[in-house]
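Trainee: File coords33.txt follows (compact mmCIF, C-alpha atoms):
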```txt
# COMPACT_ATOMS: atom_id res chain seq x y z
CA MET A 1121 13.84 25.48 5.62
CA TYR A 1122 12.40 21.99 5.29
CA ARG A 1123 8.61 21.83 5.59
CA PRO A 1124 7.16 18.36 5.03
CA ASN A 1125 4.12 17.66 2.91
CA PRO A 1126 1.35 15.58 4.58
CA LYS A 1127 2.84 12.24 3.52
CA GLN A 1128 6.33 13.19 4.73
CA ALA A 1129 4.88 14.44 8.03
CA ALA A 1130 3.09 11.11 8.53
CA PHE A 1131 6.34 9.27 7.83
CA HIS A 1132 8.20 11.29 10.48
CA LYS A 1133 5.43 10.96 13.06
CA ALA A 1134 5.39 7.17 12.73
CA GLY A 1135 8.97 7.13 14.02
CA SER A 1136 7.69 7.89 17.52
CA THR A 1137 6.25 4.37 17.77
CA LYS A 1138 7.72 2.32 14.91
CA ARG A 1139 11.23 0.88 14.80
CA GLU A 1140 11.32 0.31 11.03
CA ARG A 1141 9.87 2.61 8.41
CA ALA A 1142 9.84 2.65 4.64
CA ILE A 1143 8.79 5.42 2.31
CA LEU A 1144 7.96 3.92 -1.10
CA ALA A 1145 7.74 6.87 -3.40
CA ALA A 1146 7.81 8.21 -6.91
CA ASN A 1147 11.04 9.44 -8.42
CA ARG A 1148 11.92 12.97 -7.31
CA SER A 1149 8.98 13.11 -4.92
CA GLY A 1150 11.04 14.09 -1.87
CA LYS A 1151 11.72 10.72 -0.23
CA THR A 1152 15.49 11.31 0.07
CA LEU A 1153 14.87 14.86 1.24
CA SER A 1154 12.65 13.74 4.10
CA CYS A 1155 15.05 11.04 5.29
CA GLY A 1156 18.08 13.30 5.00
CA TYR A 1157 16.48 16.02 7.09
CA GLU A 1158 15.23 13.55 9.69
CA LEU A 1159 18.73 12.16 10.13
CA ALA A 1160 20.12 15.70 10.43
CA MET A 1161 17.59 16.49 13.19
CA HIS A 1162 18.57 13.39 15.15
CA ALA A 1163 22.28 14.15 14.76
CA THR A 1164 21.99 17.78 15.89
CA GLY A 1165 19.12 17.38 18.35
CA GLN A 1166 17.52 20.41 16.70
CA TYR A 1167 13.86 19.53 16.20
CA PRO A 1168 11.39 22.07 14.73
CA ASP A 1169 8.16 23.03 16.47
CA TRP A 1170 6.06 20.82 14.17
CA TRP A 1171 8.09 17.68 14.91
CA GLU A 1172 6.06 14.71 16.28
CA GLY A 1173 8.49 11.88 15.55
CA ARG A 1174 11.23 10.11 17.53
CA ARG A 1175 13.61 12.35 19.49
CA PHE A 1176 17.14 11.71 20.71
CA ALA A 1177 18.18 13.76 23.73
CA ARG A 1178 21.82 12.66 23.34
CA PRO A 1179 24.37 12.42 20.53
CA ILE A 1180 23.83 9.51 18.16
CA MET A 1181 25.88 7.11 16.08
CA ALA A 1182 24.31 6.70 12.63
CA TRP A 1183 24.93 5.02 9.29
CA ALA A 1184 23.73 6.48 6.00
CA ALA A 1185 24.04 4.33 2.90
CA GLY A 1186 23.32 4.01 -0.81
CA LYS A 1187 23.75 1.36 -3.48
CA SER A 1188 27.38 2.15 -4.37
CA ASN A 1189 30.18 4.33 -3.08
CA GLU A 1190 29.43 6.79 -5.87
CA THR A 1191 25.66 7.00 -5.25
CA THR A 1192 26.28 7.34 -1.52
CA ARG A 1193 28.61 10.26 -2.25
CA ASP A 1194 26.37 11.92 -4.84
CA VAL A 1195 22.96 11.39 -3.23
CA VAL A 1196 23.19 10.63 0.49
CA GLN A 1197 26.30 12.65 1.29
CA GLY A 1198 25.10 15.40 -1.03
CA MET A 1199 21.79 15.62 0.78
CA LEU A 1200 23.41 15.89 4.21
CA LEU A 1201 26.49 18.00 3.50
CA GLY A 1202 26.09 19.65 0.11
CA ASP A 1203 27.19 18.76 -3.39
CA ASN A 1204 30.95 19.19 -2.91
CA GLU A 1205 33.58 20.16 -0.36
CA VAL A 1206 33.26 23.86 -1.17
CA GLU A 1207 29.54 23.71 -0.39
CA TRP A 1208 29.66 21.56 2.75
CA GLY A 1209 27.15 23.04 5.14
CA THR A 1210 24.55 23.76 2.44
CA GLY A 1211 22.73 20.45 2.88
CA ALA A 1212 20.44 19.25 5.66
CA LEU A 1213 23.25 19.59 8.24
CA PRO A 1214 23.77 23.25 9.19
CA LYS A 1215 27.34 24.43 8.62
CA ALA A 1216 27.63 25.65 12.21
CA CYS A 1217 26.94 22.12 13.46
CA ILE A 1218 29.65 20.40 11.41
CA ALA A 1219 32.59 19.87 13.77
CA LYS A 1220 34.82 17.71 11.60
CA VAL A 1221 34.80 15.76 8.31
CA ASP A 1222 36.90 12.65 7.66
CA LYS A 1223 37.38 12.04 3.96
CA SER A 1224 37.23 8.60 2.44
CA ARG A 1225 40.33 7.10 0.85
CA GLY A 1226 40.29 6.10 -2.79
CA ILE A 1227 36.97 7.74 -3.77
CA THR A 1228 37.25 11.29 -4.99
CA GLY A 1229 35.10 13.69 -3.04
CA ALA A 1230 33.68 11.00 -0.75
CA VAL A 1231 33.40 11.32 3.03
CA ASP A 1232 33.87 8.48 5.49
CA LYS A 1233 32.53 10.16 8.64
CA VAL A 1234 31.11 13.50 9.65
CA PHE A 1235 31.13 14.70 13.27
CA ILE A 1236 28.15 16.87 14.26
CA LYS A 1237 27.63 19.09 17.29
CA HIS A 1238 24.59 17.98 19.29
CA VAL A 1239 22.57 20.46 21.35
CA SER A 1240 23.39 18.45 24.48
CA GLY A 1241 27.04 19.41 24.10
CA GLY A 1242 28.26 16.08 22.74
CA ILE A 1243 29.21 14.95 19.24
CA SER A 1244 27.11 12.77 16.93
CA ILE A 1245 28.76 10.72 14.21
CA ILE A 1246 27.34 9.81 10.81
CA GLN A 1247 29.29 7.21 8.85
CA PHE A 1248 28.66 6.73 5.13
CA LYS A 1249 28.41 3.20 3.78
CA SER A 1250 27.31 1.38 0.62
CA TYR A 1251 25.60 -1.90 -0.18
CA GLU A 1252 28.33 -2.94 -2.60
CA GLN A 1253 30.68 -3.30 0.35
CA GLY A 1254 28.83 -6.52 1.20
CA TRP A 1255 26.97 -7.49 4.35
CA GLU A 1256 30.22 -8.40 6.14
CA LYS A 1257 31.03 -4.68 6.41
CA TRP A 1258 27.71 -4.17 8.20
CA THR A 1259 28.52 -6.30 11.24
CA GLY A 1260 29.90 -5.63 14.71
CA ALA A 1261 29.00 -2.04 15.53
CA GLU A 1262 26.13 -0.61 17.53
CA VAL A 1263 24.27 2.36 16.03
CA ASP A 1264 21.20 4.42 16.85
CA VAL A 1265 19.97 5.22 13.35
CA VAL A 1266 20.38 3.57 9.95
CA TRP A 1267 19.22 5.26 6.76
CA PHE A 1268 19.01 3.10 3.63
CA ASP A 1269 18.60 5.19 0.48
CA GLU A 1270 17.14 2.99 -2.26
CA GLU A 1271 16.66 -0.69 -1.66
CA PRO A 1272 19.43 -2.73 0.04
CA PRO A 1273 19.96 -6.49 -0.38
CA GLU A 1274 18.02 -8.44 2.24
CA LYS A 1275 21.18 -9.53 4.08
CA VAL A 1276 22.48 -5.95 4.27
CA TYR A 1277 19.13 -4.72 5.57
CA LYS A 1278 18.99 -7.35 8.29
CA GLU A 1279 22.56 -6.68 9.39
CA GLY A 1280 21.95 -2.95 9.48
CA LEU A 1281 18.78 -3.41 11.52
CA THR A 1282 20.58 -5.75 13.91
CA ARG A 1283 23.04 -2.99 14.72
CA THR A 1284 20.17 -1.05 16.37
CA ASN A 1285 19.06 -3.90 18.67
CA ASN A 1286 21.05 -2.93 21.76
CA THR A 1287 20.53 0.80 21.32
CA ARG A 1288 16.77 0.52 20.72
CA GLY A 1289 17.44 2.51 17.61
CA ILE A 1290 15.55 3.00 14.36
CA ALA A 1291 15.99 2.23 10.68
CA PHE A 1292 14.29 3.85 7.71
CA LEU A 1293 14.33 3.31 3.95
CA SER A 1294 13.68 5.71 1.10
CA LEU A 1295 13.15 3.92 -2.21
CA THR A 1296 11.43 3.70 -5.55
CA PRO A 1297 10.66 -0.05 -5.83
CA LEU A 1298 12.04 -0.76 -9.31
CA LEU A 1299 13.18 -4.27 -8.33
CA GLY A 1300 9.60 -5.39 -7.71
CA MET A 1301 8.31 -7.44 -4.80
CA THR A 1302 11.65 -8.33 -3.24
CA GLN A 1303 12.05 -9.74 0.26
CA VAL A 1304 12.82 -6.30 1.67
CA VAL A 1305 9.88 -4.58 -0.04
CA SER A 1306 7.50 -7.37 1.02
CA LEU A 1307 8.34 -6.63 4.68
CA PHE A 1308 6.41 -3.39 4.24
CA TYR A 1309 4.23 -3.60 1.14
CA PRO A 1310 1.33 -3.92 0.72
CA LYS A 1311 0.93 -4.18 4.49
CA PRO A 1312 3.74 -4.34 7.08
CA GLU A 1313 4.16 -7.85 8.47
CA SER A 1314 5.13 -6.58 11.92
CA PRO A 1315 3.53 -4.04 14.28
CA THR A 1316 6.96 -2.42 14.64
CA ARG A 1317 6.99 -1.45 10.94
CA HIS A 1318 5.36 1.43 9.10
CA LEU A 1319 4.83 2.10 5.40
CA THR A 1320 4.34 5.48 3.75
CA MET A 1321 3.34 5.58 0.08
CA MET A 1322 4.04 8.83 -1.76
CA THR A 1323 3.00 9.33 -5.37
CA ILE A 1324 3.84 12.04 -7.87
CA ASP A 1325 0.55 13.71 -6.90
CA ASP A 1326 1.81 14.05 -3.31
CA ALA A 1327 4.90 15.93 -4.52
CA LEU A 1328 3.54 19.44 -4.11
CA HIS A 1329 6.66 21.03 -5.61
CA PHE A 1330 5.61 19.84 -9.09
CA ASP A 1331 3.01 21.71 -11.11
CA ALA A 1332 0.62 20.00 -13.53
CA GLU A 1333 2.91 20.51 -16.52
CA GLN A 1334 5.89 18.98 -14.73
CA ARG A 1335 3.83 15.97 -13.61
CA GLN A 1336 2.63 15.33 -17.16
CA MET A 1337 6.19 15.61 -18.48
CA MET A 1338 7.31 12.97 -16.00
CA ILE A 1339 4.40 10.69 -16.90
CA ASP A 1340 5.25 10.97 -20.60
CA GLN A 1341 8.93 10.15 -20.14
CA TYR A 1342 8.33 6.66 -18.70
CA GLN A 1343 7.14 3.51 -20.40
CA PRO A 1344 3.70 2.29 -19.22
CA TYR A 1345 5.17 -0.69 -17.35
CA GLU A 1346 7.46 1.66 -15.38
CA ARG A 1347 4.87 4.20 -14.33
CA GLU A 1348 3.42 2.35 -11.35
CA ALA A 1349 6.85 2.19 -9.68
CA ARG A 1350 8.34 5.47 -10.83
CA LEU A 1351 5.26 7.64 -10.35
CA ARG A 1352 3.35 5.89 -7.53
CA GLY A 1353 5.96 3.93 -5.57
CA ILE A 1354 4.17 0.65 -6.35
CA PRO A 1355 6.52 -2.35 -6.72
CA MET A 1356 7.09 -3.21 -10.37
CA LEU A 1357 6.00 -6.83 -10.73
CA GLY A 1358 6.47 -7.10 -14.50
CA SER A 1359 5.31 -10.34 -16.09
CA GLY A 1360 4.63 -11.84 -12.65
CA ARG A 1361 1.49 -9.75 -12.17
CA VAL A 1362 -1.81 -11.50 -12.73
CA PHE A 1363 -3.33 -8.22 -13.92
CA PRO A 1364 -0.43 -6.41 -15.68
CA LEU A 1365 -2.39 -3.23 -16.28
CA ALA A 1366 -2.14 0.34 -15.05
CA GLU A 1367 -4.91 1.11 -12.60
CA GLU A 1368 -6.07 4.05 -14.75
CA ILE A 1369 -7.40 1.48 -17.21
CA VAL A 1370 -9.87 0.03 -14.69
CA THR A 1371 -10.71 2.92 -12.34
CA VAL A 1372 -13.60 5.36 -12.72
CA GLU A 1373 -15.02 8.15 -10.61
CA PRO A 1374 -18.00 7.00 -8.50
CA PHE A 1375 -21.45 7.70 -9.92
CA GLN A 1376 -25.07 6.95 -9.05
CA ILE A 1377 -25.91 3.38 -10.06
CA PRO A 1378 -29.06 3.29 -12.25
CA GLU A 1379 -31.96 1.50 -10.57
CA TYR A 1380 -32.34 -0.89 -13.50
CA TRP A 1381 -28.77 -2.22 -13.14
CA PRO A 1382 -28.81 -5.48 -11.15
CA GLN A 1383 -26.36 -5.81 -8.25
CA ILE A 1384 -24.66 -8.69 -6.48
CA ILE A 1385 -22.28 -9.03 -3.54
CA GLY A 1386 -19.39 -11.49 -3.36
CA ILE A 1387 -17.96 -12.53 0.01
CA ASP A 1388 -14.76 -14.34 0.95
CA PHE A 1389 -14.80 -15.85 4.44
CA GLY A 1390 -11.85 -15.45 6.78
CA TRP A 1391 -10.63 -14.95 10.31
CA ASP A 1392 -6.91 -14.26 10.67
CA HIS A 1393 -6.89 -13.44 6.99
CA PRO A 1394 -9.71 -10.95 6.42
CA THR A 1395 -13.34 -11.53 5.64
CA ALA A 1396 -13.94 -9.44 2.53
CA ALA A 1397 -16.93 -8.40 0.47
CA ALA A 1398 -17.33 -6.53 -2.81
CA ASN A 1399 -20.49 -5.03 -4.26
CA LEU A 1400 -20.77 -5.31 -8.05
CA ALA A 1401 -23.25 -3.52 -10.31
CA TYR A 1402 -23.91 -4.97 -13.76
CA ASP A 1403 -24.58 -2.92 -16.88
CA ARG A 1404 -26.16 -5.63 -19.00
CA ASP A 1405 -26.41 -3.41 -22.08
CA VAL A 1406 -22.63 -3.38 -22.53
CA ASP A 1407 -21.80 -6.43 -20.37
CA CYS A 1408 -19.73 -4.34 -17.95
CA LEU A 1409 -19.24 -5.01 -14.23
CA TYR A 1410 -18.51 -2.21 -11.75
CA VAL A 1411 -16.93 -2.77 -8.32
CA THR A 1412 -18.69 -0.07 -6.32
CA ARG A 1413 -18.10 -0.88 -2.62
CA GLU A 1414 -15.63 -2.86 -0.54
CA TYR A 1415 -15.32 -4.31 2.94
CA ARG A 1416 -12.33 -6.09 4.50
CA VAL A 1417 -11.94 -6.79 8.24
CA SER A 1418 -10.02 -9.47 10.18
CA GLU A 1419 -10.86 -11.37 13.36
CA GLU A 1420 -14.53 -10.48 13.72
CA ALA A 1421 -17.65 -12.62 14.01
CA PRO A 1422 -20.18 -13.08 11.18
CA VAL A 1423 -22.67 -10.83 13.01
CA VAL A 1424 -20.25 -7.90 12.66
CA HIS A 1425 -19.52 -8.55 8.99
CA ALA A 1426 -23.17 -9.16 8.17
CA ALA A 1427 -24.26 -5.87 9.74
CA ALA A 1428 -21.73 -3.91 7.68
CA ILE A 1429 -22.55 -5.66 4.41
CA LYS A 1430 -26.31 -5.59 4.96
CA ALA A 1431 -26.13 -1.80 5.05
CA TRP A 1432 -25.44 -1.90 1.30
CA GLY A 1433 -28.90 -3.35 0.78
CA SER A 1434 -30.50 -6.42 2.30
CA TRP A 1435 -32.13 -7.14 -1.07
CA ILE A 1436 -28.79 -7.72 -2.84
CA PRO A 1437 -27.94 -11.43 -3.40
CA VAL A 1438 -24.66 -12.62 -1.89
CA SER A 1439 -22.42 -15.21 -3.55
CA TRP A 1440 -19.95 -17.18 -1.47
CA PRO A 1441 -17.08 -19.67 -2.00
CA HIS A 1442 -17.22 -23.43 -2.14
CA ASP A 1443 -15.01 -23.69 0.97
CA GLY A 1444 -17.56 -21.82 3.10
CA ARG A 1445 -17.50 -24.32 5.96
CA ARG A 1446 -15.58 -24.63 9.22
CA ASP A 1447 -15.58 -26.89 12.26
CA MET A 1448 -18.07 -25.27 14.59
CA GLY A 1449 -18.28 -28.20 16.99
CA TYR A 1450 -21.57 -29.45 15.57
CA ALA A 1451 -22.46 -31.28 12.39
CA ASP A 1452 -21.72 -29.55 9.08
CA GLN A 1453 -22.72 -26.04 10.08
CA GLN A 1454 -22.14 -23.73 7.14
CA ILE A 1455 -20.78 -20.25 7.51
CA ALA A 1456 -23.18 -19.21 4.78
CA GLN A 1457 -26.10 -20.18 7.01
CA GLU A 1458 -24.73 -18.00 9.79
CA TYR A 1459 -24.78 -14.99 7.48
CA ARG A 1460 -28.25 -15.99 6.28
CA ASP A 1461 -29.39 -16.02 9.91
CA TRP A 1462 -28.05 -12.48 10.34
CA GLY A 1463 -30.10 -11.18 7.44
CA LEU A 1464 -27.93 -11.45 4.33
CA ARG A 1465 -29.52 -12.75 1.15
CA MET A 1466 -27.06 -15.63 0.71
CA HIS A 1467 -27.53 -17.63 -2.48
CA PHE A 1468 -28.67 -21.21 -1.86
CA GLU A 1469 -25.43 -22.70 -3.26
CA HIS A 1470 -21.80 -21.67 -3.51
CA ALA A 1471 -20.46 -19.63 -6.41
CA THR A 1472 -20.02 -21.41 -9.74
CA PHE A 1473 -19.94 -20.55 -13.39
CA GLU A 1474 -23.03 -21.45 -15.40
CA ASN A 1475 -21.44 -24.79 -16.34
CA GLY A 1476 -21.04 -25.70 -12.66
CA SER A 1477 -17.26 -25.20 -12.48
CA ASN A 1478 -15.43 -22.83 -10.12
CA SER A 1479 -11.93 -22.70 -11.61
CA LEU A 1480 -9.63 -20.00 -10.21
CA GLU A 1481 -7.76 -19.70 -13.51
CA ALA A 1482 -10.98 -19.39 -15.47
CA GLY A 1483 -12.13 -16.67 -13.09
CA VAL A 1484 -9.00 -14.51 -13.25
CA THR A 1485 -8.77 -15.01 -17.02
CA GLU A 1486 -12.29 -13.63 -17.46
CA MET A 1487 -11.52 -10.74 -15.10
CA LEU A 1488 -8.38 -9.86 -17.05
CA ASP A 1489 -10.21 -10.10 -20.38
CA ARG A 1490 -12.91 -7.80 -19.07
CA MET A 1491 -10.33 -5.29 -17.82
CA ARG A 1492 -8.55 -5.24 -21.16
CA THR A 1493 -11.78 -4.76 -23.10
CA GLY A 1494 -13.25 -2.09 -20.85
CA ARG A 1495 -15.88 -4.37 -19.29
CA TRP A 1496 -14.52 -4.33 -15.73
CA LYS A 1497 -14.41 -1.04 -13.87
CA VAL A 1498 -13.68 -0.14 -10.26
CA PHE A 1499 -14.73 2.97 -8.36
CA ASN A 1500 -11.50 4.74 -7.43
CA THR A 1501 -12.78 4.98 -3.85
CA CYS A 1502 -12.21 1.21 -3.49
CA THR A 1503 -8.62 1.72 -2.37
CA MET A 1504 -8.20 -1.65 -0.63
CA TRP A 1505 -9.34 -3.44 -3.80
CA LEU A 1506 -6.74 -1.49 -5.79
CA ASP A 1507 -4.02 -2.38 -3.28
CA GLU A 1508 -4.69 -6.07 -3.94
CA PHE A 1509 -4.93 -5.51 -7.70
CA ARG A 1510 -1.43 -4.02 -7.79
CA VAL A 1511 0.37 -6.93 -6.13
CA TYR A 1512 -1.63 -9.98 -7.22
CA HIS A 1513 1.04 -12.12 -8.85
CA ARG A 1514 2.30 -15.52 -9.90
CA LYS A 1515 5.31 -17.47 -8.72
CA ASP A 1516 6.61 -20.33 -10.84
CA GLY A 1517 3.52 -19.92 -12.98
CA LYS A 1518 1.04 -20.34 -10.12
CA ILE A 1519 -1.12 -17.62 -8.63
CA VAL A 1520 0.02 -16.70 -5.12
CA LYS A 1521 -3.08 -16.93 -2.94
CA GLU A 1522 -2.14 -14.14 -0.54
CA PHE A 1523 -3.62 -10.66 -0.05
CA ASP A 1524 -6.41 -11.47 -2.51
CA ASP A 1525 -9.52 -11.35 -0.33
CA LEU A 1526 -11.36 -8.58 -2.20
CA LEU A 1527 -10.27 -9.92 -5.57
CA SER A 1528 -11.68 -13.32 -4.62
CA ALA A 1529 -14.93 -11.80 -3.40
CA SER A 1530 -15.22 -9.91 -6.69
CA ARG A 1531 -14.56 -13.08 -8.66
CA TYR A 1532 -17.35 -14.94 -6.83
CA ALA A 1533 -19.75 -12.10 -7.62
CA MET A 1534 -18.73 -12.08 -11.28
CA MET A 1535 -19.26 -15.84 -11.55
CA MET A 1536 -22.79 -15.48 -10.16
CA ARG A 1537 -23.86 -12.31 -11.99
CA ARG A 1538 -26.69 -14.36 -13.50
CA VAL A 1539 -28.50 -14.12 -10.14
CA ALA A 1540 -27.89 -10.38 -9.64
CA ARG A 1541 -31.06 -8.47 -8.85
CA THR A 1542 -32.48 -4.97 -9.05
CA GLN A 1543 -34.21 -3.45 -6.05
CA MET A 1544 -37.95 -4.02 -6.23
CA ARG A 1545 -39.96 -1.03 -5.12
CA ARG A 1546 -43.53 -1.31 -3.82
CA VAL A 1547 -46.06 0.80 -5.64
CA HIS A 1548 -48.64 2.36 -3.31
CA HIS A 1549 -52.03 3.09 -4.96
CA THR A 1550 -54.12 5.84 -3.45
CA ARG A 1551 -57.91 5.50 -3.39
CA PRO A 1552 -60.41 8.31 -3.52
CA PRO A 1553 -62.20 8.88 -0.22
CA ASP A 1554 -65.56 7.81 -1.65
CA TRP A 1555 -64.17 4.58 -3.22
CA SER A 1556 -66.19 1.42 -2.63
CA PRO A 1557 -65.60 -2.10 -3.92
CA LEU A 1558 -69.21 -1.97 -5.16
CA SER A 1559 -68.59 1.17 -7.14
CA VAL A 1560 -69.39 0.89 -10.82
CA ALA A 1561 -67.02 2.64 -13.20
```
Give the structure from the file, written as structure tokens.
Mentor:
Amino acid sequence: MYRPNPKQAAFHKAGSTKRERAILAANRSGKTLSCGYELAMHATGQYPDWWEGRRFARPIMAWAAGKSNETTRDVVQGMLLGDNEVEWGTGALPKACIAKVDKSRGITGAVDKVFIKHVSGGISIIQFKSYEQGWEKWTGAEVDVVWFDEEPPEKVYKEGLTRTNNTRGIAFLSLTPLLGMTQVVSLFYPKPESPTRHLTMMTIDDALHFDAEQRQMMIDQYQPYEREARLRGIPMLGSGRVFPLAEEIVTVEPFQIPEYWPQIIGIDFGWDHPTAAANLAYDRDVDCLYVTREYRVSEEAPVVHAAAIKAWGSWIPVSWPHDGRRDMGYADQQIAQEYRDWGLRMHFEHATFENGSNSLEAGVTEMLDRMRTGRWKVFNTCTMWLDEFRVYHRKDGKIVKEFDDLLSASRYAMMMRRVARTQMRRVHHTRPPDWSPLSVA
């Protein structure tokens, strides 16, 4: 009996409100299992007591597809029906619910359609397809559910999704993103572009059916550049990444910052793209910077951002970008002054290196050098910062300035670490009750 882990359960539940869903997951983590069983539930109408996702009260028409005819047969068909004709009924679809199976011509062991008894008394149909058929084979029909196992070409995905328009149906993808930040992956990762989409990330650590020894064996079998995709479901960006490092190299467990370490905050102003802030602590003895806290919120006023950031410590200096101005309807009002008015210790000028420059390339080069030499660390609780770190990339040699708000805030803080400060504590001297300024020692 299928029992989802927490990530799989969240994926299913999102189907109650989201039209498109993707589960980006590690190899063998259970992504195909979860999608196969969901499709079986929709086809039969048999939903377990724990189910909180989309429900179909009538028979459905569905497509289930893989990369090639062979992978569709071996993976998708195998998950739904069983590994071969003798075992049909041992997969996600109960044998008692299988009314009829139409075999495919020309592909040994492959099925074209399977007819499933629905609890309403009607018959659901699941048709098996493949991406190698080309997008032209994905036109014309109307379906309720489309399951894409592994990543389809963009044209195939759009055609498949279009088939659900008139039925108000759903589409879901199960994939390990080995092709990197493709057009299809970027629809969902790192943040869905549409409110009708949902992303579930499932790492090897979420796969509860593996013990520690099995996890380590899987880690060891992959090259370092593959591990982010194969073990965490993070798109493999290859040489296009600005910071082509595994996150384990930069992350540390949170710890109490020593009082003698100076701190500084960097802020990146925004509105529709987020306003972001990062708190950095500086270990001068080894020249190492630690990203300890993060903040990233869209479409809020400076008073809201300032209140949240000030809670980190009103004594901490704040560095800000050279473009920290906007048209406020009156002469040259600076955003920095607004934050200053709301109690943040904004530096008197925008962030620069000591030589007065503010080069983006110089900044990311220093960040990368620090990461490689162990002089840039990030608390592993800064999950939004790590999301940006994973996908920060170049296109045609140029850095893509998207989804980089916390990275930018961190860079501004790094550039201005020379003005970082420690918290000054007042020392209270107690006087004896008989003390007098005229007393003679």
Trainee: Draw an axis-aligned box over all listed atoms of range 1311-1321 of chain A, pad each side with 5 Å, and write its centre and edge lengths in Å, one decimal, as AutoDock Vina command-line options.
Mentor:
```
--center_x 4.0 --center_y -1.1 --center_z 7.4 --size_x 16.1 --size_y 23.4 --size_z 24.6
```
Trainee: Could you pull the residues within 12 Å of Asp1489 in chain A, counting only C-alpha atoms, minus those fewer than 3 positions along the same chain, as a list in words?
Mentor: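 Once the adjacent positions are removed, what remains is Val1362, Phe1363, Pro1364, Leu1365, Val1370, Cys1408, Ala1482, Gly1483, Val1484, Thr1485, Glu1486, Arg1492, Thr1493, Gly1494, Arg1495, Trp1496 and Lys1497 of chain A.
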Trainee: Between CA of Gly1150 in chain A and CA of Gly1353 in chain A, what is the distance, to one decimal in Å?
Mentor: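 Straight-line distance from CA of Gly1150 in chain A to CA of Gly1353 in chain A works out to 11.9 Å.
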Trainee: Name all residues at most 9 Å from Phe1131 in chain A (count all atoms listed in the file; drop same-chain ones fewer than 3 positions away) and give them as a list in words.
Mentor: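 Near neighbours after the sequence-gap exclusion: Pro1126, Lys1127, Gln1128, Ala1134, Gly1135, Arg1141, Ala1142, Ile1143, Ser1154, Gly1173, His1318, Leu1319 and Thr1320 of chain A.
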Trainee: Quick one: of A:Met1181, A:Glu1271, A:Ile1384, A:Thr1191, who's nearest to Pro1297 in chain A, counting all atoms listed in the file?
Mentor: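 Looking only at the distances to Pro1297 in chain A, the closest residue turns out to be A:Glu1271.
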Trainee: Between CA of Asn1399 in chain A and CA of Ile1387 in chain A, what is the spacing in Å?
Mentor: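 Rounded to one decimal, the two atoms are 9.0 Å apart.
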Trainee: Can you check which parts of range 1144-1255 of chain A lie within 9 Å of range 1272-1291 of chain A? Per residue, the shortest pair of atoms and distance in Å to one decimal, counting only C-alpha atoms, sorted by chain and number, as a tab-separated table.
Mentor:
```
residue	atom	partner	partner_atom	distance
A:Arg1174	CA	A:Ile1290	CA	8.9
A:Trp1183	CA	A:Gly1280	CA	8.5
A:Ala1185	CA	A:Pro1272	CA	8.9
A:Gly1186	CA	A:Pro1272	CA	7.8
A:Lys1187	CA	A:Pro1272	CA	6.9
A:Ser1250	CA	A:Pro1272	CA	8.9
A:Tyr1251	CA	A:Pro1272	CA	6.2
A:Gly1254	CA	A:Val1276	CA	7.1
A:Trp1255	CA	A:Val1276	CA	4.7
```
Trainee: What is the CA of Pro1214 in chain A to CA of Lys1151 in chain A distance in Å?
Mentor: 19.8 Å
Trainee: Please provide the set of residues having any atom within 6 Å of Trp1267 in chain A, restricted to only C-alpha atoms, with same-chain residues fewer than 2 positions apart removed, written as a count of residues only.
Mentor: 4
Trainee: Counting only C-alpha atoms, which residues sit no farther than 6 Å from the position (11.4, -0.9, 11.8) in the file's frame? I'd like them as a compact mmCIF listing (two decimals) with C-alpha atoms, in the coordinates of the input.
Mentor:
```txt
# COMPACT_ATOMS: atom_id res chain seq x y z
CA LYS A 1138 7.72 2.32 14.91
CA ARG A 1139 11.23 0.88 14.80
CA GLU A 1140 11.32 0.31 11.03
CA ARG A 1141 9.87 2.61 8.41
CA ALA A 1291 15.99 2.23 10.68
CA THR A 1316 6.96 -2.42 14.64
CA ARG A 1317 6.99 -1.45 10.94
```
Trainee: Name all residues at most 9 Å from Asp1194 in chain A (count all atoms listed in the file; drop same-chain ones fewer than 5 positions away) and give them as a list in words.
Mentor: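 Contacts, in chain order: Asn1189, Met1199, Asp1203, Asn1204 and Ala1230 of chain A.
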Trainee: Considering only C-alpha atoms, return as an MDAnalysis selection string whatever protein or nucleic-acid residues lie within 10 Å of Ala1431 in chain A, sequence-local ones (same chain, fewer than 4 positions apart) excluded.
Mentor: chainID A and resid 1426:1427 1464
Trainee: Between A:Arg1148, A:Arg1460, A:Lys1518, A:His1238, which one has atoms that come closest to Ala1327 in chain A, using only C-alpha atoms?
Mentor: A:Arg1148
Trainee: Take the point (-25.4, -1.5, -15.6) in the file's coordinates, draw a sphere of radius 9 Å around it, and report as a list in words every protein, DNA or RNA residue with an atom inside or on it, counting all atoms listed in the file.
Mentor: Ile1377, Pro1378, Glu1379, Tyr1380, Trp1381, Pro1382, Gln1383, Ala1401, Tyr1402, Asp1403, Arg1404, Asp1405, Val1406, Asp1407, Cys1408, Leu1409 and Tyr1410 of chain A
Trainee: Measuring atom to atom with all atoms listed in the file, identify which of A:Tyr1342, A:Phe1375, A:Trp1208, A:Phe1389 is nearest to Tyr1532 in chain A.
Mentor: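 Checking each of A:Tyr1342, A:Phe1375, A:Trp1208, A:Phe1389 against Tyr1532 in chain A, counting all atoms listed in the file, the winner is A:Phe1389.
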